[in-house]
Structure formats: structure tokens, C-alpha cells
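J.: Supplied in C-alpha cells, the structure appears directly below.
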Amino acid sequence: MTLSERLREAALPIWQKMLAHPFVTELGEGSLPGDKFRFYMCQDYVFLVDYSRVLALATAKAPDLDTMGRFARLLDATLNQEMVLHREFAAQCGLSEATLAATTPASTTYAYTRHLLAVAALGSLPEIVAALLPCQWGYSEIGQTLARRGKPVAVPFYARWIEMYASAEFAALVTWLRALLDRCEGTVPAERLRTIFCTSARYEYLFWEMAYRLEEWPLE
């Protein structure tokens with residue numbers, strides 16, 4: 001069993017809960033209320049801003065030019081393609097660019113991004129990859145699982161969301177990140193990587209929970 005497989009095995013209980021979360025299942029069925037999806041889109045936009053910062057730090061800490069280049073291209077794609085698509089996609093849901101930009105991070109979004117940024121700022125590249133991997137891997141599995149069940153054609157932007165994360169291109173990113181982490185086995189204590197990976201996996205679950213419950217700051 002590879003390092004990445006062992007990490008996923010360690011996070012399996014929360015991973016299974018994530019795949020079965022009502023936000024995910026209702027999105028796949030097309031029955032997810034629109035206000036929950038719009039809340040998710042706004043929080044995901046905030047998340048992507050800090051995710052880009054993490055990719056920039058990963059680029060700086062990469063040990064070779066090939067890995068630097070891959071992370072740099074991923075950063076460019078996130079900033080100049082994915083976020084543009086995110087804004088266009090959000091507009092189909094009734095969200096303006098100004099609304100996205102003015103979004104205040106919910107408590108879970110803030111906690112998750114602080115976790116990622118702390119690992120990226122203070123840790124090594126293997127630690128950064130362990131922190132990022134549950135997001136990409138989880139989204140890829142969710143997209144593929146929902147696509148196999150049948151996309152909700154009556155809700156086109158839900159179907160498009162599923163297509164994006166079920167794509168071969170997104171799966172290829174997961175494969176590359178897993179292989180990168182597997183090659184780093186032995187350079188960082190396994191328990192440290194396990195802690196980081198499982199913490200990110202928990203936040204992935206909590207992100208769906210946050211969106212489903214329309215979480216706000218306590219004083220708002």
C-alpha cells in the first residue's frame with residue numbers, strides 16, 4: 001500500500017461521511033436548495049483565493065524545476081482560468097462578481113484556510129501536498145460518484161459542476177499529487193503527514209456541513 005493509500009485509509013471514516021453528506025447527495029439528485037449552493041459558491045470563492053496562496057508557497061518550496069513548473073502552472077490555471085470560470089458559473093446561479101468579492105469567510109472557511117496556510121508557510125513540500133490532497137482527491141471522487149449515478153439534467157449548473165470534477169483532467173491532477181507525495185515517503189515522519197491529511201479531510205467534511213447549514217459568524 002502506498003503512502004497516499006495509507007493516508008486515505010486513515011481518514012476513511014470521515015471520507016465516507018463526506019461522500020454521503022446530504023449536500024453532496026442532494027446536489028447529485030438536483031434537489032439541493034439553491035440558497036445552499038449559492039452560499040457554497042461564495043465560500044468556495046474565498047477558499048480559492050487562499051488556495052492560490054498555498055500553491056504559490058508550494059511553488060517556492062518545490063525541490064526541482066519540473067515540480068516548480070507544475071505548481072506554477074496550477075497556480076496560473078487557478079487564478080486566471082478556474083476563478084474566471086467560477087465567476088461565470090456563479091453568475092448562472094444569480095451571484096454577481098461583486099457579491100463574490102464581498103463575501104466574508106464563514107468560521108469553517110476561515111479555519112480551513114488558516115490550516116492550509118500555516119502548513120504551507122511553516123512546512124515542507126510533502127506537508128503541503130498532504131494538506132492539499134484531500135480537497136482534490138475528495139472532489140474527484142465526489143464528481144465521479146455523482147456522474148455514475150446520473151447527472152441532474154433538470155439543474156444544468158449542478159450537472160456542469162459534476163462534469164468539471166468528474167473530468168479526466170481533474171483526475172490526472174489527483175494522480176500527479178498522489179505520486180508526488182508517494183515519492184516523498186520517508187522525508188517527513190509518517191505520523192505528521194497523517195495528522196495533516198486527516199485534518200484537511202475533516203475540514204473537507206465540515207465545508208459541506210457549513211454550506212448545508214448556511215453557517216454564519218456567531219455575532220452576525
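Identifiers for the C-alpha cells are assigned positionally: chains receive A, B, ... in sequence, residues are indexed from 1 per chain, and ligands are indexed from 1 in the order shown.
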I'd like the neighbourhood of Lys151 in chain A as a list in words, where a residue qualifies if any of its atoms comes within 10 Å (using only C-alpha atoms), though same-chain residues fewer than 2 positions away should be ignored.
T.: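 Those residues are Leu27, Gly28, Glu29, Gly30, Gly143, Leu146, Ala147, Arg148, Arg149, Val153, Ala154, Val155, Pro156, Tyr158, Ala159, Arg160, Trp161, Ile162 and Glu163 of chain A.
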J.: Hey, what's within 8 Å of range 194-203 of chain A if we count only C-alpha atoms and toss same-chain stuff fewer than 3 positions away? As a list in words, please?
T.: Leu7, Ala10, Ala11, Ile14, Trp15, Thr108, Tyr112, His115, Leu116, Glu127, Ala130, Ala131, Leu132, Leu133, Pro134, Cys135, Ala190, Glu191, Leu206 and Phe207 of chain A
J.: Just the residues within 12 Å of Arg114 in chain A, please, counting only C-alpha atoms, with nothing from its chain fewer than 3 positions along; format it as a JSON list (two decimals) with C-alpha atoms, in the first residue's frame.
T.:
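around.json was written with the following content:
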```
[["chain", "number", "residue", "atom", "x", "y", "z"],
["A", 47, "PHE", "CA", -11.32, 29.45, -0.32],
["A", 50, "ASP", "CA", -6.15, 31.41, -0.13],
["A", 51, "TYR", "CA", -5.72, 28.13, -2.02],
["A", 53, "ARG", "CA", -1.53, 31.49, -1.91],
["A", 54, "VAL", "CA", -0.83, 27.92, -0.81],
["A", 105, "PRO", "CA", -15.43, 33.84, 5.22],
["A", 107, "SER", "CA", -15.93, 30.24, 10.55],
["A", 108, "THR", "CA", -15.21, 26.90, 8.87],
["A", 109, "THR", "CA", -13.79, 28.51, 5.74],
["A", 110, "TYR", "CA", -11.54, 30.69, 7.86],
["A", 111, "ALA", "CA", -10.34, 27.75, 9.98],
["A", 117, "LEU", "CA", -1.72, 28.50, 5.06],
["A", 118, "ALA", "CA", 0.02, 27.52, 8.30],
["A", 119, "VAL", "CA", 1.18, 24.20, 6.81],
["A", 120, "ALA", "CA", 2.31, 25.94, 3.62],
["A", 121, "ALA", "CA", 4.19, 28.70, 5.44],
["A", 122, "LEU", "CA", 5.89, 26.54, 8.06],
["A", 131, "ALA", "CA", -2.68, 19.22, 3.26],
["A", 199, "THR", "CA", -7.13, 17.39, 9.49],
["A", 200, "SER", "CA", -7.74, 18.53, 5.91],
["A", 203, "TYR", "CA", -12.29, 20.27, 7.09]]
```
J.: Would you kindly return, as a list in words, each protein, DNA or RNA residue with an atom no farther than 8 Å from any atom of Ser140 in chain A, considering only C-alpha atoms and excluding same-chain residues fewer than 4 positions away?
T.: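 Those residues are Gln136, Gln144, Tyr165, Ala166, Ser167, Phe170, Ala171 and Val174 of chain A.
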J.: Output C-alpha atoms for every residue in the selection just made, as a PDB file, in the first residue's frame.
T.:
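New file result06.pdb:
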```pdb
ATOM      1  CA  GLN A 136      -8.536  17.404  -4.877  1.00  0.00           C
ATOM      2  CA  GLN A 144     -17.058  10.609 -10.437  1.00  0.00           C
ATOM      3  CA  TYR A 165     -14.904  17.406 -11.049  1.00  0.00           C
ATOM      4  CA  ALA A 166     -15.588  14.071 -12.754  1.00  0.00           C
ATOM      5  CA  SER A 167     -13.287  15.015 -15.638  1.00  0.00           C
ATOM      6  CA  PHE A 170      -9.097  16.706 -12.686  1.00  0.00           C
ATOM      7  CA  ALA A 171      -8.382  13.022 -12.012  1.00  0.00           C
ATOM      8  CA  VAL A 174      -5.025  13.908  -8.261  1.00  0.00           C
TER       9      VAL A 174
END
```
J.: List the spatial neighbours of range 68-71 of chain A as number ranges by chain - criterion: any atom at most 8 Å away, only C-alpha atoms, same-chain residues fewer than 3 positions off excluded.
T.: A: 55-56, 58-65, 74-75
J.: Can you list, as number ranges by chain, every protein, DNA or RNA residue that comes within 12 Å of Lys17 in chain A when you count only C-alpha atoms, leaving out same-chain residues fewer than 3 positions away?
T.: A: 11-14, 20-25, 138, 142, 201-206, 208-209
J.: Put those residues in a file: C-alpha atoms, as a CSV table (one decimal), in the first residue's frame.
T.:
```
chain,number,residue,atom,x,y,z
A,11,ALA,CA,-9.2,9.1,7.0
A,12,LEU,CA,-11.7,6.6,5.8
A,13,PRO,CA,-14.4,7.2,8.4
A,14,ILE,CA,-14.6,10.9,7.7
A,20,ALA,CA,-22.6,10.6,1.8
A,21,HIS,CA,-23.2,14.1,3.0
A,22,PRO,CA,-26.7,15.5,2.2
A,23,PHE,CA,-25.2,18.5,0.4
A,24,VAL,CA,-23.3,16.1,-1.9
A,25,THR,CA,-26.2,13.6,-2.4
A,138,GLY,CA,-12.3,14.2,-2.4
A,142,ILE,CA,-17.4,13.0,-5.5
A,201,ALA,CA,-10.1,15.6,5.4
A,202,ARG,CA,-12.1,16.7,8.4
A,203,TYR,CA,-12.3,20.3,7.1
A,204,GLU,CA,-13.5,19.0,3.7
A,205,TYR,CA,-16.4,17.3,5.5
A,206,LEU,CA,-17.0,20.4,7.6
A,208,TRP,CA,-20.0,20.7,3.1
A,209,GLU,CA,-21.7,20.8,6.5
```
J.: DSSP on the backbone, helix (DSSP H, G or I) only: what residues of chain A does that give? Format it as a ChimeraX atom specification.
T.: /A:3-10,12-19,22-29,34-61,65-92,97-101,107-122,125-149,156-165,168-183,190-213
J.: Just give me the gap between CA of Ile128 in chain A and CA of Arg183 in chain A in Å, one decimal is fine.
T.: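 Going from CA of Ile128 in chain A over to CA of Arg183 in chain A covers 13.9 Å.
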J.: Which residue out of A:Thr2, A:Ser31, A:Asn80, A:Gln43 has the minimum interatomic distance to Ala106 in chain A when only C-alpha atoms are used?
T.: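 Of A:Thr2, A:Ser31, A:Asn80, A:Gln43, the one nearest Ala106 in chain A, counting only C-alpha atoms, is A:Gln43.
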J.: Give the answer as one residue: which of A:Trp137, A:Tyr212, A:Phe39, A:Tyr45 has the shortest atom-to-atom distance to Leu85 in chain A, using only C-alpha atoms?
T.: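 Result for the nearest residue to Leu85 in chain A: A:Tyr45.
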J.: Considering only C-alpha atoms, return as a ChimeraX atom specification whatever protein or nucleic-acid residues lie within 12 Å of Thr187 in chain A, sequence-local ones (same chain, fewer than 6 positions apart) excluded.
T.: /A:3,124-127,181,193
J.: When you draw a straight line from CA of Ala98 in chain A to CA of Pro152 in chain A, how long is it in Å?
T.: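 So the two atoms, CA of Ala98 in chain A and CA of Pro152 in chain A, lie 28.4 Å apart.
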J.: For Ala72 in chain A, which residue among A:Ser52, A:Thr99, A:Thr113, A:Ser4 is the nearest when counting only C-alpha atoms?
T.: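 Comparing A:Ser52, A:Thr99, A:Thr113, A:Ser4 against Ala72 in chain A, the winner is A:Ser52.
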J.: Separation of CA of Glu216 in chain A and CA of Glu88 in chain A, in Å?
T.: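 Interatomic distance here is 24.7 Å.
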J.: Counting only C-alpha atoms, which residue out of A:Asp182, A:Asp44, A:Glu9, A:Asp66 sits closest to Val129 in chain A?
T.: A:Asp182
